[in-house]
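To start, the structure itself, in C-alpha cells.
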Amino acid sequence: MRQHAATLLWRAGLALALVCVIGLLPWLARTDPALTVLKARSADRDPTPEVLADIRDRLGLDAGPLHLLGQWLGGLWRGDAGRSWLSGNEVMPDVLQALGVSLLLMAVSLAVAVLTAGVICARTLSRGRRRRRTGGSGSAVLAAVPEFLTASVLATVVGVQLGWLPALGWYGPQYTVLPALALGLPAGAVLGRLLDDLLPGAFAEPWAQAADARGIPQGRIARHALRRCLPGLLPNTGLFVVGLTGGSVAVEQIFDIPGLGRTTLQAALAQDLPVLQAGTLALVLLAAVAAGAASLLTRRLTGPALRDSALTSLHRPAPPTRAILPVVYGGLLVGVVALGLPRDPLALDTGQRLQAPSPAHPFGTDALGRDVLARVGHGALDTLLLALAIGAAALLTGVVLGLVPRMSGPLVDTVNAVPPVLLALLVTAVAGSGTLTPALAVSAVAWAPLAAHTSALLRQERAALHITATRALGADRWYVLRRDLLPAVLPPVTRHALLRLPGTALALASLAFLGLGAQPPSPEWGLLLAENQPYAERAPWAVLAPAAVLALLGALAVTAARTEVIQQPLKQRELAASGTETR
C-alpha cells in the first residue's frame, strides 16, 4: 500500500513540475511574452511601448510568473483553467472540445493499428510453432513511412483526385478515415512487429506443444498464445494511446483537424500559457489513466501466475534468419550513398526544376533544380550517425530505467504526454538554439517506449520458473540479472530500438521544419521530406527518394537485428525449468 502511495505522489509531483516549467517557459526562453502575444494576435501591429504595456497590464504579466502560476493553479481546483491570452475565451471548454476530437481520432487510429498488427502477425498465428522467423521487412518499411507523407498522399489521391473521402475538416465520422489510416498504419506496424517477436516463444511453451499434440484446433491455441503475449505489449499500447492523442500534430495540420495536438502546438508557438498548461495537463491525466488501465489489464491477463512466479519464459533464443536480407538492404543503401556523394548537393539549376528521373539525375531534381540523389547521398552521414547516436543513448537509458519500474513508470507516462514541439521549445529555452537542440529534444523522449517495454518484459521474466529455480539454488539478484534477466530482455528491446531508427530521423525532421533543427540548404533526409512535401503531387520522386531510403533503413535495422540475436545459456535454463517442473 505504501509503495502505491509513493508511486502516486511521484506521479503527481512530476505532473506539477511539468506544469510549473511550462508556466516559466517565456521567462526561461528570455522572451517578452507580451511581444509574442502581440505578434500572434496581429503580426502587422507595431510593438510600441504603450501597446506592450497595455498587454502586460491586461494579462497581469508584471506580477511575475510565480504569481500567474499560483493564480492558475488556484482556479484549477474550481474547474477554471483561466482565459486564453490570445482570444480571451475560457480555456476549459476549448481544451475539452479539442480533447474530444483527439480521443475520437485516437480510437479510430488505434482500431486501424490493431488491424494492421493482426495482418502482420496473421501468418505466425495461423502456423503456430511451425512458423519460422522472418526478417520482418514489410512491417519495418511500413513503420518507417512518415505520417505526414502518408497523410499528404491520402489527402491528395483519395480525398482530392478520387474524391472517395473528405480530405479537409472535421464534420462527421467519414472525416476520421484518412487521418486514422495515416496515424494507425505506422503504429500498427510497430505493435505488430513487437507482437510477432513474442509469439514464437508462446507457441514453444509446454502447454502449446501439448495442446498441438492433442489435436486442439490451431485457432484456439493461437488465441491463448495471443493472450499470453499481450501483457508484454500493453504498456507500449498505452504509450501509443497518448501519442496518437497529443502527438498527431502534423496529421491534424494536414487534414485541418481541431484536435488537442494542434491546439497545444499553436499555444506553444504563441506562448498562450493558460491553453498550453491545460492541454498538457489533460495529456498527463490521460497518460495516467492509460497506464492504470494497462496495468489492470496486464494483471487480469496473467492472473495468479505472475504473483506465484509460475510463468515460463517467452524469450528463448531462436536461430537467426538468413543473412542475405541485411546484406541486400545494406548493399542497396551503401550503393545509393556512394552514387550520391560525388555529386554536388547544393548546385542550383532553376531551368531543371522538378525534373523527372533521367540518366543525368537518377532520382530527379527538386524545386530548386538540385540533384535529389546528391542530396540523399550527402544527407546520409548526418542522418544515420545522429539517428544511431540517439538510438544508442535511448536504448541504454530505456534499459537502465526499465530495471526500476516504480520510478520510471510515472516518468515514462509524463514524458510521453509532453507534445514533441513543446519539449523542443523547453529544450531550446534551457539549452539554447543550436545544432544539438533537436537531438536533445528527441533523446529526451526516445527512451520512454524502450523503458516501458523493458519493464513489461522484465516483470514477466522475473516470474518465470527457471528464475525461481535459480534463486532457490542460492543465486543473488545480480547473478540473476546478469545471467538470466538481461540476456532474455535485451534482444527484443534492441530490435524495438532498431525498428524506431527511421522514426528518430523523422522526429528530427519535424523539429527542423519548425525551425528548431537542421535548416536549408542542409541535405538531411527528414528535411528533404519536409521541403519537398508540397510538391508531392507534381514531382513525387522528390519525396519518394528520401522516403524510400528511410524505409530501406528500417528494413535493414530489423533484419540485421534478427541475424544478431543475443544468445543466452539455453541449456542451463532448460535444465533449471525442467527441474522445477519435475518437483
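Each chain of the C-alpha cells is named A, B, ... in the order shown, its residues numbered from 1; ligands are numbered from 1 in display order.
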Subject >> Non-local contacts of Leu341 of chain A (12 Å; only C-alpha atoms; under 6 positions in same chain excluded) as a VMD selection string >> reply: chain A and resid 334 to 335 371 to 381 523
With only C-alpha atoms as the counted atoms, please give the residues lying no more than 9 Å from Leu388 of chain A, apart from itself and same-chain residues fewer than 6 positions off, as a PDB file with all heavy atoms, in the first residue's frame.
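What ended up in selection_26.pdb:
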ATOM      1  N   LEU A 498      15.907  -0.672 -32.812  1.00  0.00           N
ATOM      2  CA  LEU A 498      16.285  -0.597 -34.223  1.00  0.00           C
ATOM      3  C   LEU A 498      15.082  -0.283 -35.106  1.00  0.00           C
ATOM      4  O   LEU A 498      15.195   0.435 -36.103  1.00  0.00           O
ATOM      5  CB  LEU A 498      16.927  -1.920 -34.657  1.00  0.00           C
ATOM      6  CG  LEU A 498      18.316  -2.199 -34.079  1.00  0.00           C
ATOM      7  CD1 LEU A 498      18.754  -3.624 -34.401  1.00  0.00           C
ATOM      8  CD2 LEU A 498      19.329  -1.207 -34.612  1.00  0.00           C
ATOM      9  N   LEU A 501      14.522   3.464 -35.472  1.00  0.00           N
ATOM     10  CA  LEU A 501      15.549   4.326 -36.050  1.00  0.00           C
ATOM     11  C   LEU A 501      14.993   5.283 -37.109  1.00  0.00           C
ATOM     12  O   LEU A 501      15.278   6.491 -37.069  1.00  0.00           O
ATOM     13  CB  LEU A 501      16.675   3.476 -36.651  1.00  0.00           C
ATOM     14  CG  LEU A 501      17.814   3.081 -35.707  1.00  0.00           C
ATOM     15  CD1 LEU A 501      18.840   2.256 -36.452  1.00  0.00           C
ATOM     16  CD2 LEU A 501      18.457   4.299 -35.093  1.00  0.00           C
ATOM     17  N   THR A 504      13.170   8.076 -35.515  1.00  0.00           N
ATOM     18  CA  THR A 504      14.051   9.079 -34.913  1.00  0.00           C
ATOM     19  C   THR A 504      14.457  10.121 -35.938  1.00  0.00           C
ATOM     20  O   THR A 504      14.456  11.330 -35.667  1.00  0.00           O
ATOM     21  CB  THR A 504      15.297   8.392 -34.334  1.00  0.00           C
ATOM     22  OG1 THR A 504      14.899   7.449 -33.335  1.00  0.00           O
ATOM     23  CG2 THR A 504      16.242   9.409 -33.718  1.00  0.00           C
TER      24      THR A 504
END
**OP:** For Ala536 of chain A, work out the shell of residues within 9 Å, counting only C-alpha atoms and skipping chain neighbours fewer than 3 positions away, then give it as a list in words.
**Re:** Leu149, Ser152, Val153, Thr156, Asn532, Gln533, Ala539, Pro540, Trp541, Ala542, Val543 and Leu544 of chain A
Write to file, as a short mmCIF file (atom, residue, chain, number, x, y, z; two decimals), in the first residue's frame, the residues of the selection just made, with N, CA, C and O atoms.
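The resulting result_0.cif:
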data_model
loop_
_atom_site.label_atom_id
_atom_site.label_comp_id
_atom_site.auth_asym_id
_atom_site.auth_seq_id
_atom_site.Cartn_x
_atom_site.Cartn_y
_atom_site.Cartn_z
N LEU A 149 3.77 12.17 -44.65
CA LEU A 149 3.81 11.78 -46.06
C LEU A 149 2.59 10.93 -46.41
O LEU A 149 1.94 11.14 -47.44
N SER A 152 -0.39 13.21 -46.57
CA SER A 152 -0.41 14.03 -47.78
C SER A 152 -0.86 13.22 -48.98
O SER A 152 -1.67 13.68 -49.80
N VAL A 153 -0.34 11.99 -49.11
CA VAL A 153 -0.72 11.14 -50.24
C VAL A 153 -2.19 10.78 -50.17
O VAL A 153 -2.92 10.84 -51.18
N THR A 156 -4.32 13.85 -50.99
CA THR A 156 -4.25 14.26 -52.40
C THR A 156 -4.92 13.24 -53.32
O THR A 156 -5.75 13.61 -54.16
N ASN A 532 10.17 19.04 -49.69
CA ASN A 532 9.63 18.56 -50.97
C ASN A 532 8.19 18.08 -50.88
O ASN A 532 7.55 17.81 -51.89
N GLN A 533 7.67 17.99 -49.64
CA GLN A 533 6.30 17.50 -49.47
C GLN A 533 5.25 18.35 -50.19
O GLN A 533 4.28 17.81 -50.73
N ALA A 539 5.72 16.33 -58.39
CA ALA A 539 7.01 15.66 -58.52
C ALA A 539 7.16 14.64 -57.40
O ALA A 539 7.90 14.86 -56.44
N PRO A 540 6.47 13.50 -57.47
CA PRO A 540 6.51 12.54 -56.36
C PRO A 540 7.89 11.97 -56.10
O PRO A 540 8.17 11.53 -54.98
N TRP A 541 8.76 11.93 -57.13
CA TRP A 541 10.09 11.37 -56.93
C TRP A 541 10.90 12.16 -55.90
O TRP A 541 11.74 11.58 -55.22
N ALA A 542 10.65 13.45 -55.77
CA ALA A 542 11.41 14.26 -54.81
C ALA A 542 11.10 13.86 -53.37
O ALA A 542 11.92 14.07 -52.48
N VAL A 543 9.91 13.28 -53.15
CA VAL A 543 9.53 12.82 -51.82
C VAL A 543 9.79 11.34 -51.66
O VAL A 543 10.20 10.87 -50.60
N LEU A 544 9.55 10.57 -52.73
CA LEU A 544 9.70 9.12 -52.64
C LEU A 544 11.15 8.71 -52.41
O LEU A 544 11.41 7.69 -51.76
#
Original post:
Any idea what's packed within 12 Å of Leu73 of chain A, counting only C-alpha atoms, ignoring anything in its chain fewer than 2 positions away? Could you give it as a ChimeraX atom specification?
Top reply: /A:16,19-20,23,66-71,75-82,274,277-278,281
Using only N, CA, C and O atoms, please write the residues we just selected to a file, as a short mmCIF file (atom, residue, chain, number, x, y, z; two decimals), in the first residue's frame.
data_model
loop_
_atom_site.label_atom_id
_atom_site.label_comp_id
_atom_site.auth_asym_id
_atom_site.auth_seq_id
_atom_site.Cartn_x
_atom_site.Cartn_y
_atom_site.Cartn_z
N LEU A 16 3.01 18.18 -11.55
CA LEU A 16 3.10 19.54 -11.05
C LEU A 16 4.37 20.23 -11.53
O LEU A 16 4.35 21.41 -11.93
N VAL A 19 3.92 21.24 -15.22
CA VAL A 19 3.07 22.42 -15.37
C VAL A 19 3.81 23.68 -14.95
O VAL A 19 3.70 24.74 -15.58
N CYS A 20 4.60 23.58 -13.90
CA CYS A 20 5.36 24.75 -13.44
C CYS A 20 6.42 25.16 -14.46
O CYS A 20 6.62 26.37 -14.71
N GLY A 23 4.78 26.98 -17.18
CA GLY A 23 4.42 28.33 -16.76
C GLY A 23 5.59 29.29 -16.79
O GLY A 23 5.41 30.51 -16.90
N LEU A 66 5.55 33.46 -11.06
CA LEU A 66 5.08 32.67 -9.92
C LEU A 66 3.66 33.07 -9.51
O LEU A 66 2.84 32.21 -9.17
N HIS A 67 3.36 34.37 -9.56
CA HIS A 67 2.00 34.82 -9.24
C HIS A 67 1.01 34.28 -10.26
O HIS A 67 -0.09 33.82 -9.89
N LEU A 68 1.36 34.34 -11.55
CA LEU A 68 0.47 33.82 -12.59
C LEU A 68 0.24 32.33 -12.43
O LEU A 68 -0.88 31.83 -12.59
N LEU A 69 1.31 31.60 -12.11
CA LEU A 69 1.19 30.16 -11.94
C LEU A 69 0.32 29.82 -10.74
O LEU A 69 -0.55 28.93 -10.82
N GLY A 70 0.52 30.52 -9.63
CA GLY A 70 -0.31 30.27 -8.46
C GLY A 70 -1.76 30.61 -8.70
O GLY A 70 -2.66 29.90 -8.24
N GLN A 71 -2.01 31.67 -9.44
CA GLN A 71 -3.38 32.05 -9.77
C GLN A 71 -4.04 30.99 -10.64
O GLN A 71 -5.21 30.65 -10.45
N GLY A 75 -7.25 28.50 -9.51
CA GLY A 75 -8.51 28.40 -10.24
C GLY A 75 -8.79 27.00 -10.74
O GLY A 75 -9.96 26.63 -10.97
N LEU A 76 -7.74 26.20 -10.90
CA LEU A 76 -7.92 24.85 -11.45
C LEU A 76 -8.74 23.98 -10.51
O LEU A 76 -9.50 23.12 -10.97
N TRP A 77 -8.59 24.18 -9.22
CA TRP A 77 -9.38 23.38 -8.27
C TRP A 77 -10.87 23.66 -8.39
O TRP A 77 -11.69 22.82 -8.03
N ARG A 78 -11.23 24.82 -8.91
CA ARG A 78 -12.65 25.16 -9.11
C ARG A 78 -13.11 24.85 -10.54
O ARG A 78 -14.21 25.25 -10.92
N GLY A 79 -12.28 24.18 -11.31
CA GLY A 79 -12.63 23.87 -12.69
C GLY A 79 -12.42 25.02 -13.64
O GLY A 79 -12.94 25.01 -14.76
N ASP A 80 -11.66 26.04 -13.21
CA ASP A 80 -11.41 27.22 -14.03
C ASP A 80 -9.94 27.21 -14.45
O ASP A 80 -9.05 27.37 -13.61
N ALA A 81 -9.68 27.00 -15.75
CA ALA A 81 -8.32 26.98 -16.27
C ALA A 81 -7.91 28.33 -16.83
O ALA A 81 -6.92 28.43 -17.56
N GLY A 82 -8.65 29.37 -16.50
CA GLY A 82 -8.29 30.71 -16.95
C GLY A 82 -8.84 31.03 -18.33
O GLY A 82 -9.66 30.29 -18.89
N PRO A 274 -2.07 29.70 -20.49
CA PRO A 274 -3.23 29.00 -19.93
C PRO A 274 -3.69 27.82 -20.79
O PRO A 274 -3.99 26.74 -20.28
N GLN A 277 -0.87 25.04 -20.66
CA GLN A 277 -0.86 24.31 -19.40
C GLN A 277 -2.05 23.36 -19.29
O GLN A 277 -1.90 22.20 -18.87
N ALA A 278 -3.22 23.82 -19.68
CA ALA A 278 -4.41 22.97 -19.59
C ALA A 278 -4.31 21.79 -20.56
O ALA A 278 -4.66 20.65 -20.20
N LEU A 281 -1.73 19.30 -19.18
CA LEU A 281 -2.26 18.60 -18.01
C LEU A 281 -3.29 17.55 -18.42
O LEU A 281 -3.33 16.45 -17.84
#
Subject >> DSSP helix (DSSP H, G or I) residues within segment 340-429 of chain A, listed as a PyMOL selection string >> reply: chain A and resi 340+350-352+372-402+405-417+420-429
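Among the candidates A:Leu486, A:Ala367, A:Leu426, A:Leu162, the residue lying nearest to Val400 of chain A is A:Leu486 (atoms considered: only C-alpha atoms).
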**OP:** Just the residues within 12 Å of segment 111-127 of chain A, please, counting only C-alpha atoms, with nothing from its chain fewer than 6 positions along; format it as a PyMOL selection string.
**Re:** chain A and resi 104-105+133-140+142-143+176-203+212+217-227+229+233+237+240-241+244
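Using only C-alpha atoms, the smallest distance between any of A:Ser248, A:Gln271, A:Asn236, A:Gln209 and Ala40 of chain A comes from A:Gln271.
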**OP:** Using only C-alpha atoms, pick whichever of A:Gln174, A:Ser358, A:Ser84, A:Ser109 has the shortest atom-to-atom distance to Gln266 of chain A.
**Re:** A:Ser84
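Among the candidate residues A:Glu531, A:Glu524, A:Glu252, A:Asp344, the one lying nearest to Val549 of chain A is A:Glu524, with distances computed using only C-alpha atoms.
From atom CA of Ala287 of chain A back to atom CA of Pro492 of chain A, the distance works out to 24.1 Å.
Between atom CA of Asp272 of chain A and atom CA of Ala34 of chain A the separation is 10.2 Å.
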Original post:
Mind pulling up the distance from atom CA of Leu286 of chain A to atom CA of Gly259 of chain A?
Top reply: 14.6 Å
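Shortest atom-to-atom contact with Ala270 of chain A among A:Val427, A:Val404, A:Ala394, A:Leu86: A:Leu86, counting only C-alpha atoms.
Using only C-alpha atoms, the smallest distance between any of A:Leu396, A:Ile324, A:Leu38, A:Ala29 and Ala53 of chain A comes from A:Leu38.
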